[in-house]
Number of protein chains: 2
Amino acid sequence: MKNYSELNRNELLAEFESVKTEYGHWCSKGLKLDMSRGKPGPDQMDLSTELFELVNLDLGYMNKSGIDCRNYGGLDGLVELKQLFAEIMQVAPEQVIVGGNSSLNMMFDTVAQAMTNGMGDKPWLLQGKIKFICPVPGYDRHFAICEHFGIEMIPVLYKQDGPDMDIIEELIKDPTVKGMWCVPKYTNPDGIVYSDEIIRRIAALRPAAKDFRVFWDNAYAVHYLTEKEDHILSIYDECVKQGNPDLVIVFASTSKITFPGAGVAAEAASPANVALIKSRMSFQTIGPDKLNQLRHARMFTGIDKIHDHMKLHAKILRSKFETVLKELDNSLADLGIATWTKPNGGYFISMYVTPGCAKRAVALCLDAGLTLTPAGATYPYGKDPQDSNIRIAPTYPLTDELANASSLLCTSVKYAVLEKLIEPKN
Amino acid sequence: MKNYSELNRNELLAEFESVKTEYGHWCSKGLKLDMSRGKPGPDQMDLSTELFELVNLDLGYMNKSGIDCRNYGGLDGLVELKQLFAEIMQVAPEQVIVGGNSSLNMMFDTVAQAMTNGMGDKPWLLQGKIKFICPVPGYDRHFAICEHFGIEMIPVLYKQDGPDMDIIEELIKDPTVKGMWCVPKYTNPDGIVYSDEIIRRIAALRPAAKDFRVFWDNAYAVHYLTEKEDHILSIYDECVKQGNPDLVIVFASTSKITFPGAGVAAEAASPANVALIKSRMSFQTIGPDKLNQLRHARMFTGIDKIHDHMKLHAKILRSKFETVLKELDNSLADLGIATWTKPNGGYFISMYVTPGCAKRAVALCLDAGLTLTPAGATYPYGKDPQDSNIRIAPTYPLTDELANASSLLCTSVKYAVLEKLIEPKN
């Protein structure tokens with residue numbers, strides 16, 4: 001098929017008729033497919049079945065420092081997991097707080113703490129309108145936290161190697177700008193890896209607000225898809241070099257390493273930030289579920305075990321990503337109506353279609369039985385100014401389903417673009 | 001020994017010398033005992049060893065509605081546990097939110113939500129000075145939550161069958177009074193059980209503040225110590241009868257049923273409150289640890305199983321409580337310097353010593369190697385106006401240790417009281 005821009009009106013009309021027929025076929029199949037969330041599949045979770053057997057009467061319930069993990073206490077988690085997360089998060093073990101099953105929960109609670117009790121300054125809620133820098137496209141749940149707390153979001157576009165730092169360096173001169181969301185490795189959804197230069201510039205930021213914090217969600221720290229394992233600088237080390245240790249709070253979890261709903265999450269920061277966070281936690285809880293931490297400590301006795309384990313995930317995921325990419329290549333490569341990412345890691349393929357067509361394409365998919373992340377979700381307030389980005393999450397469906405889903409997506413994109421090209425211009 | 005009030009000065013001095021010698025013996029033993037927290041002992045936790053074996057490849061990881069408990073989702077928990085907690089909490093299953101391992105965490109988060117986003121009205125933090133009613137003596141961690149958020153606490157004394165409602169009915173006319181803490185059954189530390197009349201009067205409250213909430217921490221709902229099983233009215237049902245369904249939020253957990261650090265907690269309320277709480281949770285997390293919920297659902301297939309299980313706890317605890325009570329009886333009964341509770345349930349014995357002597361007695365214990373809850377901890381801001389209450393937590397130490405600990409406590413109480421009786425009056 002030729003590039004759509006080279007088709008005359010009659011050719012476009014003919015192509016539209018053909019695509020409508022194609023779409024009708026999809027609709028008649030009664031599909032029920034879901035590529036909406038970055039959710040591991042059952043085959044991936046099966047890789048961690050071992051976890052079920054790692055706390056019992058034979059192996060016991062004591063950790064290596066002799067703590068009875070059944071009982072109360074241990075506010076900041078088991079030492080074994082502090083060591084493990086320290087390697088993932090590129091910090092020292094004593095800087096790590098190991099929590100429950102959700103790093104999102106730790107992020108939310110840290111923002112909530114800033115709202116009610118401040119980040120070493122007045123409570124954010126008592127400082128009037130405050131703002132966060134949101135590199136886009138980004139993770140919808142980060143943006144949702146801001147929306148929940150009434151924090152104004154300032155979108156800043158990603159460049160090839162991280163967010164546009166020229167703009168950010170200007171924005172932080174505003175003392176009402178209190179924070180920034182970052183997914184530094186394999187960004188959601190674009191799969192961008194922050195370059196050394198970007199990380200150094202972030203670490204060197206001198207925000208007007210002393211209580212400005214970078215929320216560094218290293219969600220995909222070890223989540224490679226190919227042999228090429230990208231490495232990023234330690235944001236914390238860079239901050240220390242810049243005399244800026246309190247600037248950043250780092251998050252990670254095993255949700256996409258072991259079990260999404262029953263993994264272990266962690267948060268790490270400077271001694272001052274850790275003291276602040278733990279002081280709040282001491283009012284909030286008596287301690288995390290240490291038995292589940294113990295299971296994880298016994299499964300991953302070192303970072304090497306994690307890397308080995310992630311290779312098994314990569315093997316499963318690679319074929320899923322390839323299925324989608326192959327379909328996109330086959331159906332859309334020549335049409336000039338869409339581009340997409342080929343990530344080295346993370347959980348998403350990010351597609352950019354002809355501006356003004358993403359919402360329509362996603363709606364068409366939904367009508368035919370394929371749920372995608374709502375168009376716009378990757379932008380603050382759900383508003384993609386170009387209405388162009390579509391986030392594809394290939395991890396959960398079976399490979400067979402993925403072929404269908406990708407093919408339907410391609411049909412829907414063509415449909416939406418053709419409709420727009422053909423419609424009488426106003 | 002005679003009542004101290006009947007002793008003349010010489011007799012008091014002689015008794016003090018004898019008690020000092022007694023205390024000296026204790027100090028020389030180099031004890032390391034702890035009766036500070038309501039913490040189950042290893043023998044109690046051994047009762048739930050079964051939990052380790054209830055999720056594995058044989059039994060699977062699906063709940064009865066076919067949810068894969070390993071994966072993301074299920075914001076408000078498994079249906080099995082909603083049913084179970086509904087019986088414990090005296091509400092309908094659909095009113096229950098089942099969470100992680102800590103009901104304290106759920107209480108904290110609910111107060112935090114009220115601070116930042118309100119309870120159906122303006123955020124509490126933006127309403128200026130607000131206040132909570134705190135029946136005393138009470139649970140120190142409830143008071144600590146208020147302190148953390150800068151909520152002023154108004155202590156209201158407990159009477160024999162619940163808090164002094166005459167005072168509370170006046171206090172709630174103040175629109176800055178936003179909440180009240182209650183432990184309705186076997187209060188911490190006095191072991192009081194709220195009477196039907198008290199519960200009905202609470203349910204009938206018409207606070208000036210529409211966003212006033214009763215935080216009903218039913219921590220010891222099934223935690224009996226004797227054959228006498230006290231029953232309380234369903235606060236929620238009573239609220240509904242009074243046209244007051246949104247007044248109360250109920251909390252409970254299995255922390256003192258299965259594993260303190262790895263149990264399951266729950267929160268229940270009216271449809272409006274549940275919607276409000278879940279709307280916040282939907283920003284905070286993708287869901288709780290459903291595998292641990294599943295373990296609990298499989299261990300307790302009905303409320304009867306819980307009651308059977310609690311009888312095993314009671315058997316262990318009864319002998320511990322009896323050890324302490326026997327020692328108190330033997331050493332202090334005739335002296336007129338202390339009274340104490342003999343609870344039917346819960347985790348504490350509450351002792352009242354001669355006013356002005358509690359802090360000193362607790363300090364003497366600590367110096368001799370016995371950690372008790374700091375005197376005053378059962379009152380807001382840690383200030384017992386009488387300096388009289390000592391909370392005794394007999395559950396964690398071994399029975400042998402308990403005999404020593406109780407005996408040392410008695411010596412320390414005598415010491416502190418004699419010191420006061422003998423000291424030159426200013």
# chains A, B, ... in the order shown; residues from 1 in each chain; ligands from 1
$ interface_residues --of "chain B" --to "chain A" --cutoff "6 Å" --atoms "only C-alpha atoms" --output "VMD selection string"
chain B and resid 52 56 70 to 72 104 to 105 108 145 259 to 262 283 to 285 289
$ write_last_selection --atoms "N, CA and C atoms" --output "short mmCIF file (atom, residue, chain, number, x, y, z; two decimals), in the first residue's frame"
data_model
loop_
_atom_site.label_atom_id
_atom_site.label_comp_id
_atom_site.auth_asym_id
_atom_site.auth_seq_id
_atom_site.Cartn_x
_atom_site.Cartn_y
_atom_site.Cartn_z
N PHE B 52 1.00 -20.91 56.25
CA PHE B 52 2.14 -21.06 55.33
C PHE B 52 1.83 -22.01 54.17
N ASN B 56 -0.28 -22.49 47.31
CA ASN B 56 0.84 -23.18 46.64
C ASN B 56 0.30 -23.77 45.34
N ARG B 70 -2.36 -13.46 42.30
CA ARG B 70 -0.97 -13.01 42.14
C ARG B 70 -0.90 -11.66 41.44
N ASN B 71 -1.89 -11.35 40.64
CA ASN B 71 -1.77 -10.20 39.76
C ASN B 71 -2.33 -8.91 40.39
N TYR B 72 -2.21 -7.83 39.65
CA TYR B 72 -2.75 -6.53 40.06
C TYR B 72 -4.26 -6.59 40.23
N LEU B 104 -4.16 0.01 61.57
CA LEU B 104 -3.64 1.33 61.94
C LEU B 104 -3.37 2.15 60.68
N ASN B 105 -2.78 1.49 59.70
CA ASN B 105 -2.51 2.14 58.42
C ASN B 105 -3.80 2.64 57.77
N PHE B 108 -4.95 5.72 59.76
CA PHE B 108 -4.07 6.85 59.43
C PHE B 108 -4.45 7.42 58.07
N ILE B 145 -1.72 9.62 65.97
CA ILE B 145 -2.19 10.05 64.65
C ILE B 145 -2.68 11.50 64.74
N PHE B 259 -1.15 -13.56 62.24
CA PHE B 259 0.20 -13.02 62.45
C PHE B 259 0.13 -11.50 62.58
N PRO B 260 0.67 -10.95 63.66
CA PRO B 260 0.60 -9.49 63.85
C PRO B 260 1.17 -8.71 62.67
N GLY B 261 2.27 -9.19 62.11
CA GLY B 261 2.91 -8.44 61.03
C GLY B 261 2.43 -8.85 59.66
N ALA B 262 1.70 -9.94 59.55
CA ALA B 262 1.33 -10.45 58.24
C ALA B 262 -0.11 -10.94 58.24
N PHE B 283 -6.41 6.13 43.72
CA PHE B 283 -5.22 6.90 43.34
C PHE B 283 -3.97 6.39 44.04
N GLN B 284 -4.18 5.66 45.13
CA GLN B 284 -3.09 5.31 46.04
C GLN B 284 -2.45 3.97 45.72
N THR B 285 -3.24 3.05 45.20
CA THR B 285 -2.71 1.70 45.00
C THR B 285 -3.50 1.00 43.91
N ASP B 289 -2.43 -6.99 48.87
CA ASP B 289 -1.82 -8.30 48.67
C ASP B 289 -2.91 -9.37 48.78
#
$ residues_around --residues "Ser36 (chain A)" --least-positions-apart "2" --cutoff "6 Å" --atoms "only C-alpha atoms" --output "PyMOL selection string"
chain A and resi 34+371-373+393
$ write_last_selection --atoms "N, CA and C atoms" --output "short mmCIF file (atom, residue, chain, number, x, y, z; two decimals), in the first residue's frame"
data_model
loop_
_atom_site.label_atom_id
_atom_site.label_comp_id
_atom_site.auth_asym_id
_atom_site.auth_seq_id
_atom_site.Cartn_x
_atom_site.Cartn_y
_atom_site.Cartn_z
N ASP A 34 -7.58 -7.15 25.64
CA ASP A 34 -7.19 -6.05 26.51
C ASP A 34 -5.69 -5.79 26.39
N THR A 371 -9.77 -3.38 24.33
CA THR A 371 -9.56 -2.27 25.26
C THR A 371 -8.10 -1.81 25.20
N LEU A 372 -7.91 -0.53 24.95
CA LEU A 372 -6.58 0.07 25.02
C LEU A 372 -6.59 1.12 26.13
N THR A 373 -5.41 1.54 26.56
CA THR A 373 -5.34 2.68 27.46
C THR A 373 -6.06 3.85 26.79
N ALA A 393 0.11 -2.00 25.42
CA ALA A 393 0.66 -2.85 26.48
C ALA A 393 0.55 -4.30 26.06
#
$ select_by_dssp --residues "region 128-182 of chain B" --states "alpha helix (DSSP H)" --output "VMD selection string"
chain B and resid 140 to 148 165 to 171
$ residues_around --residues "region 198-213 of chain B" --least-positions-apart "2" --cutoff "8 Å" --atoms "only C-alpha atoms" --output "ChimeraX atom specification"
/B:118-121,161-163,165,169,172-180,194-196,215,233,235-236,238-239,242,244,246-249
$ atom_distance --atom1 "CA of Gly24 (chain A)" --atom2 "CA of Asn3 (chain A)"
23.0 Å
$ decode --residues "region 89-106 of chain A" --atoms "C-alpha atoms" --output "CSV table (one decimal), in the first residue's frame"
chain,number,residue,atom,x,y,z
A,89,MET,CA,18.1,1.6,43.3
A,90,GLN,CA,21.8,2.5,43.2
A,91,VAL,CA,22.0,3.7,46.8
A,92,ALA,CA,23.4,2.4,50.1
A,93,PRO,CA,21.3,-0.2,52.0
A,94,GLU,CA,20.7,2.1,55.0
A,95,GLN,CA,19.0,4.6,52.7
A,96,VAL,CA,16.3,2.1,51.7
A,97,ILE,CA,12.9,1.7,53.3
A,98,VAL,CA,11.3,-1.6,52.3
A,99,GLY,CA,7.5,-1.5,52.4
A,100,GLY,CA,4.4,-3.4,51.3
A,101,ASN,CA,3.3,-4.5,47.9
A,102,SER,CA,3.0,-1.2,46.1
A,103,SER,CA,5.5,1.4,45.2
A,104,LEU,CA,2.6,3.6,43.9
A,105,ASN,CA,1.3,3.5,47.5
A,106,MET,CA,4.7,4.7,48.7
